[in-house]
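Okay, work_34.cif is below, mmCIF, C-alpha atoms (C1' of nucleotides):
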data_my_file
#
loop_
_atom_site.label_atom_id
_atom_site.label_comp_id
_atom_site.auth_asym_id
_atom_site.auth_seq_id
_atom_site.Cartn_x
_atom_site.Cartn_y
_atom_site.Cartn_z
CA MET C 263 -31.70 12.31 20.89
CA SER C 264 -31.33 12.88 17.19
CA PHE C 265 -29.11 15.95 17.58
CA ASN C 266 -26.29 14.11 19.32
CA LEU C 267 -24.60 13.11 16.09
CA ILE C 268 -24.43 16.62 14.67
CA LEU C 269 -23.28 18.09 17.99
CA GLN C 270 -20.49 15.54 18.17
CA ASN C 271 -19.61 16.28 14.56
CA ILE C 272 -19.22 19.94 15.40
CA ALA C 273 -17.40 19.24 18.63
CA LYS C 274 -14.57 17.78 16.55
CA HIS C 275 -13.50 21.34 15.77
CA ILE C 276 -15.19 23.82 18.10
CA ASN C 277 -16.61 23.84 21.63
CA LEU C 278 -20.10 25.17 22.14
CA THR C 279 -21.78 26.23 25.36
CA LYS C 280 -25.13 24.68 26.22
CA HIS C 281 -26.81 27.87 25.11
CA GLU C 282 -24.97 27.96 21.78
CA GLN C 283 -25.95 24.36 21.18
CA GLU C 284 -29.58 25.28 21.69
CA VAL C 285 -29.37 28.25 19.35
CA PHE C 286 -27.76 26.04 16.75
CA ILE C 287 -30.32 23.28 17.07
CA GLY C 288 -33.05 25.88 16.78
CA TYR C 289 -31.74 26.70 13.34
CA LEU C 290 -31.97 23.12 12.11
CA GLN C 291 -34.85 21.47 10.38
CA ALA C 292 -35.25 17.69 10.49
CA LYS C 293 -36.51 15.83 7.47
CA THR C 294 -36.87 12.25 6.31
CA ILE C 295 -36.61 11.19 2.68
CA LYS C 296 -37.68 7.90 1.20
CA ARG C 297 -35.36 5.85 -0.95
CA LYS C 298 -35.07 7.23 -4.50
CA GLN C 299 -36.51 10.59 -3.55
CA PHE C 300 -34.60 13.79 -4.12
CA LEU C 301 -33.52 16.55 -1.81
CA LEU C 302 -32.30 18.63 -4.74
CA THR C 303 -32.41 18.31 -8.51
CA ASP C 304 -30.36 20.11 -11.11
CA GLY C 305 -31.75 23.48 -12.02
CA ASP C 306 -32.81 24.11 -8.42
CA ILE C 307 -31.34 26.94 -6.44
CA SER C 308 -29.91 25.26 -3.35
CA LYS C 309 -31.04 26.73 -0.03
CA HIS C 310 -29.54 24.31 2.49
CA SER C 311 -26.48 22.57 3.80
CA ILE C 312 -27.41 18.99 4.56
CA PHE C 313 -26.21 16.79 7.40
CA VAL C 314 -27.08 13.08 7.31
CA THR C 315 -28.07 11.36 10.57
CA ALA C 316 -29.27 8.04 9.12
CA GLY C 317 -29.39 6.35 5.73
CA CYS C 318 -27.33 7.55 2.80
CA LEU C 319 -27.42 10.20 0.08
CA ARG C 320 -25.60 10.56 -3.20
CA GLY C 321 -24.79 13.76 -5.05
CA TYR C 322 -24.37 13.43 -8.79
CA THR C 323 -24.46 15.36 -12.05
CA VAL C 324 -25.78 14.26 -15.43
CA ASP C 325 -23.67 15.08 -18.46
CA LYS C 326 -24.94 15.98 -21.90
CA SER C 327 -25.02 12.36 -23.05
CA GLY C 328 -27.13 11.49 -20.03
CA ILE C 329 -24.42 9.73 -18.05
CA GLU C 330 -24.46 10.19 -14.28
CA HIS C 331 -21.30 11.10 -12.38
CA VAL C 332 -21.32 10.68 -8.61
CA LEU C 333 -19.55 13.53 -6.89
CA SER C 334 -20.02 12.33 -3.35
CA PHE C 335 -21.80 9.94 -1.07
CA ALA C 336 -23.10 11.08 2.28
CA PRO C 337 -23.49 8.35 4.89
CA PRO C 338 -24.41 9.30 8.48
CA ASP C 339 -22.16 11.95 10.05
CA TRP C 340 -21.39 13.59 6.66
CA TRP C 341 -22.31 16.96 5.23
CA ILE C 342 -23.36 17.43 1.64
CA ALA C 343 -24.42 20.44 -0.46
CA ASP C 344 -24.36 21.87 -3.94
CA MET C 345 -21.68 24.40 -3.04
CA TYR C 346 -21.85 26.15 -6.38
CA SER C 347 -25.55 26.85 -6.20
CA LEU C 348 -25.55 27.49 -2.47
CA ILE C 349 -22.86 30.16 -2.78
CA SER C 350 -23.99 31.82 -5.97
CA GLN C 351 -27.74 31.32 -5.52
CA LYS C 352 -27.92 30.37 -9.17
CA PRO C 353 -29.46 27.15 -10.54
CA GLY C 354 -27.15 24.26 -9.75
CA ILE C 355 -26.13 21.11 -11.56
CA LEU C 356 -26.21 18.69 -8.65
CA ASN C 357 -28.85 16.06 -7.90
CA ILE C 358 -29.04 14.83 -4.33
CA GLU C 359 -30.92 11.57 -4.01
CA ALA C 360 -31.59 9.15 -1.15
CA LEU C 361 -30.05 5.73 -1.78
CA GLU C 362 -32.19 4.38 1.05
CA ASP C 363 -34.67 5.86 3.52
CA THR C 364 -32.68 8.69 5.03
CA GLU C 365 -32.88 11.23 7.85
CA VAL C 366 -31.24 14.59 7.51
CA LEU C 367 -30.89 17.88 9.29
CA LEU C 368 -31.11 20.95 7.09
CA LEU C 369 -29.32 24.19 7.83
CA SER C 370 -30.63 26.95 5.62
CA LYS C 371 -28.23 29.39 4.03
CA VAL C 372 -29.97 32.20 5.87
CA ASN C 373 -29.57 30.48 9.22
CA GLN C 374 -26.01 29.53 8.43
CA GLU C 375 -25.20 33.18 7.86
CA LYS C 376 -26.96 34.14 11.07
CA LEU C 377 -24.79 31.61 12.87
CA TYR C 378 -21.64 33.17 11.43
CA LEU C 379 -22.68 36.51 12.90
CA GLU C 380 -24.07 35.33 16.22
CA ILE C 381 -21.53 32.62 16.98
CA PRO C 382 -18.33 33.31 15.01
CA LYS C 383 -16.98 29.92 16.02
CA PHE C 384 -19.25 28.52 13.33
CA GLU C 385 -17.37 30.42 10.70
CA HIS C 386 -14.27 28.66 12.02
CA PHE C 387 -16.03 25.31 11.94
CA PHE C 388 -17.25 25.62 8.40
CA ARG C 389 -13.95 26.97 7.18
CA ILE C 390 -12.27 23.82 8.43
CA LEU C 391 -15.01 21.62 7.02
CA ILE C 392 -14.59 23.20 3.60
CA GLU C 393 -10.82 23.09 3.78
CA ASN C 394 -11.05 19.36 4.28
CA SER C 395 -13.48 19.02 1.37
CA LEU C 396 -11.09 20.97 -0.80
CA VAL C 397 -8.21 18.70 0.11
CA SER C 398 -10.16 15.58 -0.80
CA SER C 399 -11.51 17.11 -3.97
CA GLN C 400 -7.99 17.97 -5.08
CA GLN C 401 -6.74 14.54 -4.12
CA ARG C 402 -9.47 12.99 -6.22
CA LEU C 403 -8.49 15.22 -9.13
CA ILE C 404 -4.91 14.04 -8.86
CA ASP C 405 -6.01 10.43 -8.53
CA GLY C 406 -8.14 10.75 -11.64
CA LEU C 407 -5.14 11.98 -13.59
CA SER C 408 -2.52 9.62 -12.27
CA LEU C 409 -4.11 6.37 -11.12
CA THR C 410 -5.74 3.47 -12.93
CA ALA C 411 -9.38 2.60 -12.28
CA GLU C 412 -8.22 -0.25 -10.09
CA GLU C 413 -6.08 1.97 -7.90
CA ARG C 414 -8.92 4.46 -7.61
CA TYR C 415 -11.20 1.65 -6.49
CA ASN C 416 -8.74 0.65 -3.81
CA ASN C 417 -8.65 4.25 -2.61
CA PHE C 418 -12.42 4.29 -2.54
CA CYS C 419 -12.48 1.20 -0.36
CA LYS C 420 -10.20 2.87 2.14
CA ARG C 421 -12.15 6.12 2.09
CA TYR C 422 -15.67 4.72 2.44
CA PRO C 423 -15.14 1.31 4.11
CA THR C 424 -18.67 1.24 5.48
CA LEU C 425 -20.25 1.80 2.07
CA ILE C 426 -18.63 -0.86 -0.07
CA ASP C 427 -20.88 -3.78 0.79
CA HIS C 428 -24.03 -1.92 0.96
CA LEU C 429 -23.90 0.22 -2.20
CA PRO C 430 -24.87 -0.94 -5.70
CA GLN C 431 -21.76 -1.55 -7.80
CA LYS C 432 -22.88 0.85 -10.47
CA GLN C 433 -22.77 3.70 -7.96
CA ILE C 434 -19.20 2.89 -7.05
CA ALA C 435 -18.31 2.58 -10.72
CA SER C 436 -19.74 6.03 -11.32
CA TYR C 437 -17.82 7.48 -8.38
CA ILE C 438 -14.47 6.16 -9.55
CA GLY C 439 -15.26 7.21 -13.11
CA VAL C 440 -15.83 4.02 -15.14
CA THR C 441 -18.83 2.24 -16.64
CA PRO C 442 -20.63 -0.46 -14.64
CA GLU C 443 -19.57 -3.00 -17.31
CA PHE C 444 -15.91 -2.20 -16.99
CA PHE C 445 -16.17 -2.12 -13.21
CA SER C 446 -17.75 -5.56 -13.13
CA ARG C 447 -15.01 -7.03 -15.30
CA MET C 448 -12.29 -5.30 -13.31
CA ARG C 449 -13.67 -6.66 -10.07
CA GLY C 450 -13.82 -10.14 -11.53
CA GLU C 451 -10.17 -9.96 -12.46
CA MET C 452 -9.16 -8.57 -9.09
CA ILE C 453 -10.89 -11.44 -7.32
CA LYS C 454 -9.47 -14.07 -9.66
CA ARG C 455 -5.93 -12.77 -9.16
CA ARG C 456 -5.76 -13.21 -5.41
CA MET J 269 2.94 50.35 -3.51
CA SER J 270 3.27 46.59 -3.77
CA PHE J 271 0.52 45.85 -1.21
CA ASN J 272 -2.26 47.45 -3.24
CA LEU J 273 -3.01 44.32 -5.17
CA ILE J 274 -3.47 42.12 -2.13
CA LEU J 275 -5.52 44.75 -0.30
CA GLN J 276 -7.82 45.04 -3.29
CA ASN J 277 -8.02 41.28 -3.48
CA ILE J 278 -9.19 41.17 0.12
CA ALA J 279 -11.51 44.13 -0.30
CA LYS J 280 -13.55 42.00 -2.70
CA HIS J 281 -15.01 40.24 0.33
CA ILE J 282 -14.30 42.18 3.53
CA ASN J 283 -13.68 45.79 4.53
CA LEU J 284 -10.63 46.55 6.64
CA THR J 285 -9.87 49.67 8.64
CA LYS J 286 -6.58 51.42 8.02
CA HIS J 287 -5.26 49.89 11.20
CA GLU J 288 -6.34 46.39 10.27
CA GLN J 289 -4.67 46.81 6.90
CA GLU J 290 -1.45 47.69 8.64
CA VAL J 291 -1.64 44.73 10.98
CA PHE J 292 -2.27 42.46 8.02
CA ILE J 293 0.59 43.86 5.98
CA GLY J 294 2.84 43.45 8.96
CA TYR J 295 2.17 39.73 8.81
CA LEU J 296 3.23 39.42 5.18
CA GLN J 297 6.65 38.62 3.86
CA ALA J 298 7.64 39.68 0.34
CA LYS J 299 9.81 37.42 -1.76
CA THR J 300 11.01 37.20 -5.35
CA ILE J 301 11.71 33.94 -7.13
CA LYS J 302 13.59 33.48 -10.36
CA ARG J 303 12.16 31.49 -13.22
CA LYS J 304 12.39 27.73 -12.65
CA GLN J 305 13.01 28.12 -8.94
CA PHE J 306 10.76 26.49 -6.38
CA LEU J 307 8.75 27.88 -3.50
CA LEU J 308 7.86 24.39 -2.33
CA THR J 309 8.81 20.87 -3.33
CA ASP J 310 7.08 17.61 -2.54
CA GLY J 311 8.03 16.19 0.80
CA ASP J 312 8.21 19.68 2.32
CA ILE J 313 5.90 20.69 5.11
CA SER J 314 4.15 23.77 3.81
CA LYS J 315 4.30 26.81 6.08
CA HIS J 316 2.72 29.53 3.95
CA SER J 317 -0.20 30.67 1.90
CA ILE J 318 1.14 32.38 -1.21
CA PHE J 319 -0.26 35.41 -3.01
CA VAL J 320 1.23 36.31 -6.41
CA THR J 321 1.78 40.00 -7.22
CA ALA J 322 3.80 39.60 -10.43
CA GLY J 323 4.91 36.75 -12.70
CA CYS J 324 3.34 33.32 -12.55
CA LEU J 325 3.56 30.11 -10.51
CA ARG J 326 2.43 26.60 -11.19
CA GLY J 327 1.50 23.95 -8.64
CA TYR J 328 1.96 20.36 -9.76
CA THR J 329 2.39 16.82 -8.51
CA VAL J 330 4.57 14.05 -9.93
CA ASP J 331 3.03 10.59 -10.15
CA LYS J 332 4.83 7.31 -9.67
CA SER J 333 5.77 7.04 -13.36
CA GLY J 334 7.32 10.49 -13.20
CA ILE J 335 4.58 12.33 -15.05
CA GLU J 336 3.75 15.85 -13.90
CA HIS J 337 0.15 16.93 -13.32
CA VAL J 338 -0.57 20.65 -13.02
CA LEU J 339 -3.12 21.34 -10.31
CA SER J 340 -3.20 25.09 -10.70
CA PHE J 341 -1.57 28.13 -12.20
CA ALA J 342 -1.21 31.29 -10.15
CA PRO J 343 -0.94 34.49 -12.17
CA PRO J 344 -0.99 37.86 -10.37
CA ASP J 345 -3.90 38.37 -7.97
CA TRP J 346 -4.21 34.64 -7.24
CA TRP J 347 -3.59 32.64 -4.09
CA ILE J 348 -1.90 29.25 -4.13
CA ALA J 349 -0.94 26.74 -1.42
CA ASP J 350 -0.51 23.07 -0.71
CA MET J 351 -3.69 22.89 1.33
CA TYR J 352 -3.13 19.33 2.40
CA SER J 353 0.27 19.95 3.87
CA LEU J 354 -0.62 23.38 5.21
CA ILE J 355 -3.59 22.02 7.15
CA SER J 356 -2.11 18.77 8.35
CA GLN J 357 1.48 19.94 8.74
CA LYS J 358 2.59 16.70 7.16
CA PRO J 359 4.90 16.38 4.13
CA GLY J 360 3.01 17.41 1.02
CA ILE J 361 2.93 16.24 -2.56
CA LEU J 362 2.82 19.61 -4.29
CA ASN J 363 5.62 21.37 -6.12
CA ILE J 364 5.26 25.11 -6.59
CA GLU J 365 7.56 26.49 -9.27
CA ALA J 366 7.98 29.89 -10.90
CA LEU J 367 7.23 29.81 -14.62
CA GLU J 368 8.92 33.21 -14.91
CA ASP J 369 10.54 35.65 -12.50
CA THR J 370 7.84 36.10 -9.89
CA GLU J 371 7.01 38.25 -6.88
CA VAL J 372 4.93 36.86 -4.05
CA LEU J 373 3.65 37.76 -0.61
CA LEU J 374 3.84 34.98 1.94
CA LEU J 375 1.41 34.64 4.83
CA SER J 376 2.68 32.09 7.31
CA LYS J 377 0.29 29.61 8.84
CA VAL J 378 1.13 31.01 12.26
CA ASN J 379 0.31 34.56 11.19
CA GLN J 380 -2.80 33.42 9.39
CA GLU J 381 -4.07 31.88 12.60
CA LYS J 382 -3.20 35.03 14.51
CA LEU J 383 -5.25 36.98 11.98
CA TYR J 384 -8.24 34.70 12.55
CA LEU J 385 -8.11 35.53 16.26
CA GLU J 386 -7.26 39.21 16.05
CA ILE J 387 -9.43 40.13 13.07
CA PRO J 388 -12.21 37.57 12.67
CA LYS J 389 -13.17 39.08 9.34
CA PHE J 390 -10.18 37.19 7.95
CA GLU J 391 -11.75 33.90 8.85
CA HIS J 392 -14.71 35.07 6.79
CA PHE J 393 -12.44 36.08 3.93
CA PHE J 394 -10.57 32.82 3.77
CA ARG J 395 -13.71 30.78 4.14
CA ILE J 396 -15.07 32.42 1.02
CA LEU J 397 -11.76 32.04 -0.79
CA ILE J 398 -11.71 28.33 -0.03
CA GLU J 399 -15.38 27.89 -0.89
CA ASN J 400 -14.62 29.28 -4.33
CA SER J 401 -11.62 26.98 -4.71
CA LEU J 402 -13.79 24.04 -3.76
CA VAL J 403 -16.37 24.95 -6.37
CA SER J 404 -13.77 25.13 -9.13
CA SER J 405 -12.07 21.97 -7.98
CA GLN J 406 -15.38 20.12 -8.11
CA GLN J 407 -16.21 21.62 -11.48
CA ARG J 408 -12.87 20.42 -12.80
CA LEU J 409 -13.58 16.95 -11.43
CA ILE J 410 -16.90 16.87 -13.27
CA ASP J 411 -15.29 18.20 -16.44
CA GLY J 412 -12.63 15.50 -16.27
CA LEU J 413 -15.32 12.85 -16.08
CA SER J 414 -17.75 14.21 -18.64
CA LEU J 415 -15.89 16.32 -21.21
CA THR J 416 -13.46 15.47 -24.00
CA ALA J 417 -9.93 16.90 -23.97
CA GLU J 418 -11.01 19.44 -26.54
CA GLU J 419 -13.90 20.69 -24.44
CA ARG J 420 -11.66 20.89 -21.41
CA TYR J 421 -9.22 22.97 -23.43
CA ASN J 422 -11.99 25.36 -24.43
CA ASN J 423 -12.95 25.72 -20.78
CA PHE J 424 -9.34 26.40 -19.92
CA CYS J 425 -9.20 29.17 -22.49
CA LYS J 426 -12.21 30.84 -20.91
CA ARG J 427 -10.91 30.41 -17.40
CA TYR J 428 -7.34 31.63 -17.91
CA PRO J 429 -7.58 33.89 -20.99
CA THR J 430 -4.46 35.84 -20.03
CA LEU J 431 -2.34 32.72 -19.76
CA ILE J 432 -2.99 30.97 -23.05
CA ASP J 433 -0.51 32.82 -25.22
CA HIS J 434 2.16 33.10 -22.72
CA LEU J 435 2.34 29.59 -21.33
CA PRO J 436 4.22 26.66 -22.91
CA GLN J 437 1.76 24.24 -24.53
CA LYS J 438 3.00 21.34 -22.48
CA GLN J 439 1.88 23.08 -19.30
CA ILE J 440 -1.62 23.54 -20.66
CA ALA J 441 -1.65 19.92 -21.81
CA SER J 442 -0.73 18.83 -18.31
CA TYR J 443 -3.45 21.00 -16.78
CA ILE J 444 -6.20 19.59 -18.97
CA GLY J 445 -4.87 16.08 -18.45
CA VAL J 446 -3.37 14.94 -21.77
CA THR J 447 0.15 14.37 -23.12
CA PRO J 448 1.93 17.18 -24.97
CA GLU J 449 1.90 14.99 -28.11
CA PHE J 450 -1.85 14.53 -28.05
CA PHE J 451 -2.38 18.18 -27.24
CA SER J 452 -0.29 19.26 -30.21
CA ARG J 453 -2.24 17.01 -32.55
CA MET J 454 -5.56 18.13 -31.11
CA ARG J 455 -4.68 21.78 -31.54
CA GLY J 456 -3.61 21.14 -35.12
CA GLU J 457 -6.96 19.61 -35.88
CA MET J 458 -8.89 22.37 -34.15
CA ILE J 459 -7.07 24.99 -36.23
CA LYS J 460 -7.48 23.05 -39.47
CA ARG J 461 -11.22 22.67 -38.88
CA ARG J 462 -12.05 26.37 -38.73
"C1'" DT L 2 -45.51 -16.94 -5.18
"C1'" DT L 3 -44.94 -14.55 -9.54
"C1'" DC L 4 -43.94 -11.03 -12.54
"C1'" DA L 5 -41.39 -6.82 -13.50
"C1'" DT L 6 -37.61 -4.11 -12.75
"C1'" DT L 7 -33.22 -3.29 -11.73
"C1'" DT L 8 -28.52 -4.93 -11.21
"C1'" DC L 9 -24.77 -7.61 -12.60
"C1'" DT L 10 -22.08 -10.28 -15.92
"C1'" DT L 11 -19.96 -11.62 -20.35
"C1'" DA L 12 -18.43 -10.87 -24.96
"C1'" DA L 13 -17.43 -8.43 -29.37
"C1'" DT L 14 -16.16 -4.34 -31.16
"C1'" DG L 15 -14.82 0.62 -31.12
"C1'" DT L 16 -12.24 4.85 -29.70
"C1'" DA L 17 -9.89 8.47 -27.22
"C1'" DC L 18 -6.28 8.69 -25.63
"C1'" DA L 19 -0.91 7.13 -24.39
"C1'" DT L 20 3.67 5.55 -25.73
"C1'" DC L 21 7.67 5.36 -28.40
"C1'" DA L 22 10.49 7.15 -31.85
"C1'" DA L 23 12.26 10.68 -35.14
"C1'" DG L 24 12.60 14.79 -36.80
"C1'" DT L 25 12.08 20.12 -37.02
"C1'" DG L 26 12.60 24.66 -35.52
"C1'" DC L 27 14.19 27.87 -32.08
"C1'" DC L 28 16.60 30.05 -28.38
"C1'" DC L 29 20.71 31.29 -26.20
"C1'" DA L 30 25.37 30.42 -24.31
"C1'" DT L 31 29.97 29.86 -25.66
"C1'" DA I 197 28.18 30.81 -36.40
"C1'" DT I 198 27.48 26.72 -34.00
"C1'" DG I 199 26.13 23.36 -31.11
"C1'" DG I 200 23.22 21.81 -27.26
"C1'" DG I 201 19.01 22.01 -25.29
"C1'" DC I 202 14.04 22.50 -25.20
"C1'" DA I 203 9.38 23.01 -27.14
"C1'" DC I 204 6.73 21.41 -30.64
"C1'" DT I 205 5.26 18.25 -34.42
"C1'" DT I 206 4.33 13.93 -36.90
"C1'" DG I 207 3.69 8.99 -37.47
"C1'" DA I 208 3.22 4.11 -36.06
"C1'" DT I 209 1.61 1.34 -32.69
"C1'" DG I 210 -0.50 0.12 -28.14
"C1'" DT I 211 -3.98 0.11 -24.41
"C1'" DA I 212 -7.34 1.34 -20.96
"C1'" DC I 213 -11.24 2.22 -21.22
"C1'" DA I 214 -16.38 2.89 -23.63
"C1'" DT I 215 -20.27 1.15 -26.30
"C1'" DT I 216 -23.57 -2.07 -27.67
"C1'" DA I 217 -26.03 -6.09 -26.94
"C1'" DA I 218 -27.60 -9.98 -24.62
"C1'" DG I 219 -28.60 -12.95 -20.96
"C1'" DA I 220 -28.48 -14.25 -15.88
"C1'" DA I 221 -29.28 -13.08 -11.21
"C1'" DA I 222 -31.08 -10.42 -7.62
"C1'" DT I 223 -34.58 -7.43 -5.81
"C1'" DG I 224 -38.98 -5.56 -4.94
"C1'" DA I 225 -44.07 -4.96 -5.58
"C1'" DA I 226 -48.58 -7.11 -5.95
#
What do you get writing this file as C-alpha cells?
Amino acid sequence: MSFNLILQNIAKHINLTKHEQEVFIGYLQAKTIKRKQFLLTDGDISKHSIFVTAGCLRGYTVDKSGIEHVLSFAPPDWWIADMYSLISQKPGILNIEALEDTEVLLLSKVNQEKLYLEIPKFEHFFRILIENSLVSSQQRLIDGLSLTAEERYNNFCKRYPTLIDHLPQKQIASYIGVTPEFFSRMRGEMIKRR
Amino acid sequence: MSFNLILQNIAKHINLTKHEQEVFIGYLQAKTIKRKQFLLTDGDISKHSIFVTAGCLRGYTVDKSGIEHVLSFAPPDWWIADMYSLISQKPGILNIEALEDTEVLLLSKVNQEKLYLEIPKFEHFFRILIENSLVSSQQRLIDGLSLTAEERYNNFCKRYPTLIDHLPQKQIASYIGVTPEFFSRMRGEMIKRR
DNA sequence: TTCATTTCTTAATGTACATCAAGTGCCCAT
DNA sequence: ATGGGCACTTGATGTACATTAAGAAATGAA
C-alpha cells in the first residue's frame, strides 16, 4: 500500500499505534504530478509539507538575474517544503517542480498542527526531522565557503548516490553552485585525470 | 534577576506556569567566560545548548587551509550550539569563542531531553526555534549563491544592526564569506561612492 | 522517421574575488 | 615612552569561476 513508505519513514523516530497510524493517514492527501509541473511557485503561500513516494522533486529559487539555484532534491522517502512560507504564511521564494512523473503525500499545515496537539509524538518527530535539515543546511553553508566546486561535487555524490546518474547535469551544477558550462568542463577534467 | 531574559525569550512562543519556570531554571547552569576563551572547540562532543545573557559569542569552523568561517554570532537573547555534535554525540567541527566577556546559561542535552518529557511545551518551543534557524540558514545559502559580497554585507547590517559597530571587521568579513583584505577595499569603495 | 527542443561540450574572454607583501595606525603591557 | 602585537589598509598579481557564443549530441513529440 502506498502509505508504507511514509509510515516507515516516521517509524525511524517514533512508534505509532495502529490507531495513530490511521489518524495520521487520514490527514494525508495523495497527489500525482507530471514531469515539469509545479507543486509550488514563488509568490505562493505554502500550505503543505510534502513527502515523496515515487519520482523526484526539486526545490529552487530564481535570483534577480534569472539564474536558478537548487536548494534541495526530493527523491522517494524525502520531505520537502518551503519552510519560510509555511511558517510565516507569507509569499515564498521557492519553486517546487517535478523532475519526472511523481507521487507525493501532502500534509497540510492545519493538519500538521492538529497532529501536534492530538499526537504529541509528531512534534517530536518533526523536531528531529528539522534538526537534521538544519545540520545539513549548515554543513552545506560551510562547504560553500571552504570547499572547491570539485570537492562539493564529491560530497554531492556521497549524499545523493541514487540521483547522480539519473539527474540532468545542469541540475547538479545548480545544486553545487556553478554554471553548467563550468560543471561540464570540471567533469571532463576529473574523468581525464583518473 | 538573570533569568528574566531567557524566560522572556521562551515566552515568545510558549506560556509557562510559575512551577514550570522553576523546573526549567533548575535545569540551567550559569557560566561566565572571559574574552577569547572557548565554550567549545572542534573535536569536542557538545553537551549543551547555550543561551547568551550578556556579551557576545561567535561560532566558527576552521577549514583545511586554516581559514576561519563564522557560522553565527550570538549576542544577548540568542541561542547557539553545535547542532551536529549535540544531536549525534560525535566530535564536532564548531568552535564557540567569546568575543568579549560573556555570560551564558547552559542547558545540557540530558536536561533538555528531560524537559521534553516533563513539559512537552518545550518540544514545541525548540521545534519553532530550530525551524527559524533552518529558515535563516537556507536564506544564507541562497544569498551566498545569488548575491555579491556587497549585497550580503547589506543584509548582514540589517540582520545584526547592534553588532556592526562593535565587531572587528575581520569577523564580519568572515561571516559574509570574503577575506578581510577584500572586505576593507569593498567598504572603502562603498563609503567613497555615497 | 524527422524535426524541434533541450542538454551537453568546447573555446575565448571577462570578473569577482583570493593571495602575497608592505606599510600604517592603535592599543596596552612593561 | 616604547616596543610588540593586532586590526586595518593598499597595491600587485593570481585564479576559480562566470559569461558569451557556437556547435554537437541526446531526447522527446508528431
Q) If the PyMOL selection byres ((chain I and resi 206-214) around 10) is run on the structure shown, which residues does it catch, given as an NGL selection string? A) (:C and (410-411 or 440-441 or 443-444)) or (:J and (449 or 452-453)) or (:L and (15-25)) or (:I and (205 or 215-216))
Q) Please, which residues of chain J lie no more than 7 Å from chain C when the count uses all atoms listed in the file, and can they be set out as a PyMOL selection string? A) chain J and resi 331+351-352+391-392+395+398-399+402-403+405-406+409+413-414+445
Q) So what does the PyMOL selection byres ((chain I and resi 203) around 9) actually pick up in this one, as a PyMOL selection string? A) (chain J and resi 436-438) or (chain L and resi 27) or (chain I and resi 202+204)
Q. Can you list what the PyMOL selection byres ((chain J and resi 297-311) around 12) grabs from this structure, as a count of residues only?
A. 56
(Q) For Ile282 of chain J, find every residue with an atom within 10 Å (counting only C-alpha atoms (C1' of nucleotides)), except residues of its own chain fewer than 2 positions away, and show them as a PyMOL selection string. (A) chain J and resi 275-280+284+389-390+392-393
Q) What is the atom CA of Cys425 of chain J to atom CA of Gly456 of chain J distance in Å? A) 16.0 Å
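Our summary of the geometry notes that atom CA of Phe424 of chain J is positioned 19.0 Å from atom CA of Arg462 of chain J.
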**Q.** Neighbour list for DA226 of chain I as an NGL selection string, cut-off 12 Å, all atoms listed in the file, skip fewer than 4 positions in-chain
**A.** :L and (2-5)
Same residues, C-alpha atoms (C1' of nucleotides), saved as a PDB file, in the coordinates of the input:
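Below is the file selection.pdb, written as the result:
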ATOM      1  C1'  DT L   2     -45.510 -16.940  -5.180  1.00  0.00           C
ATOM      2  C1'  DT L   3     -44.940 -14.550  -9.540  1.00  0.00           C
ATOM      3  C1'  DC L   4     -43.940 -11.030 -12.540  1.00  0.00           C
ATOM      4  C1'  DA L   5     -41.390  -6.820 -13.500  1.00  0.00           C
TER       5       DA L   5
END
Could the centre and edge lengths of an axis-aligned box, enclosing all atoms of segment 422-435 of chain J in the file with 5 Å extra on each side, be given in Å to one decimal as AutoDock Vina command-line options?
--center_x -5.3 --center_y 30.6 --center_z -21.3 --size_x 25.3 --size_y 20.5 --size_z 17.8
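Interatomic distance, atom CA of Leu383 of chain J to atom CA of Glu375 of chain C: 20.7 Å.
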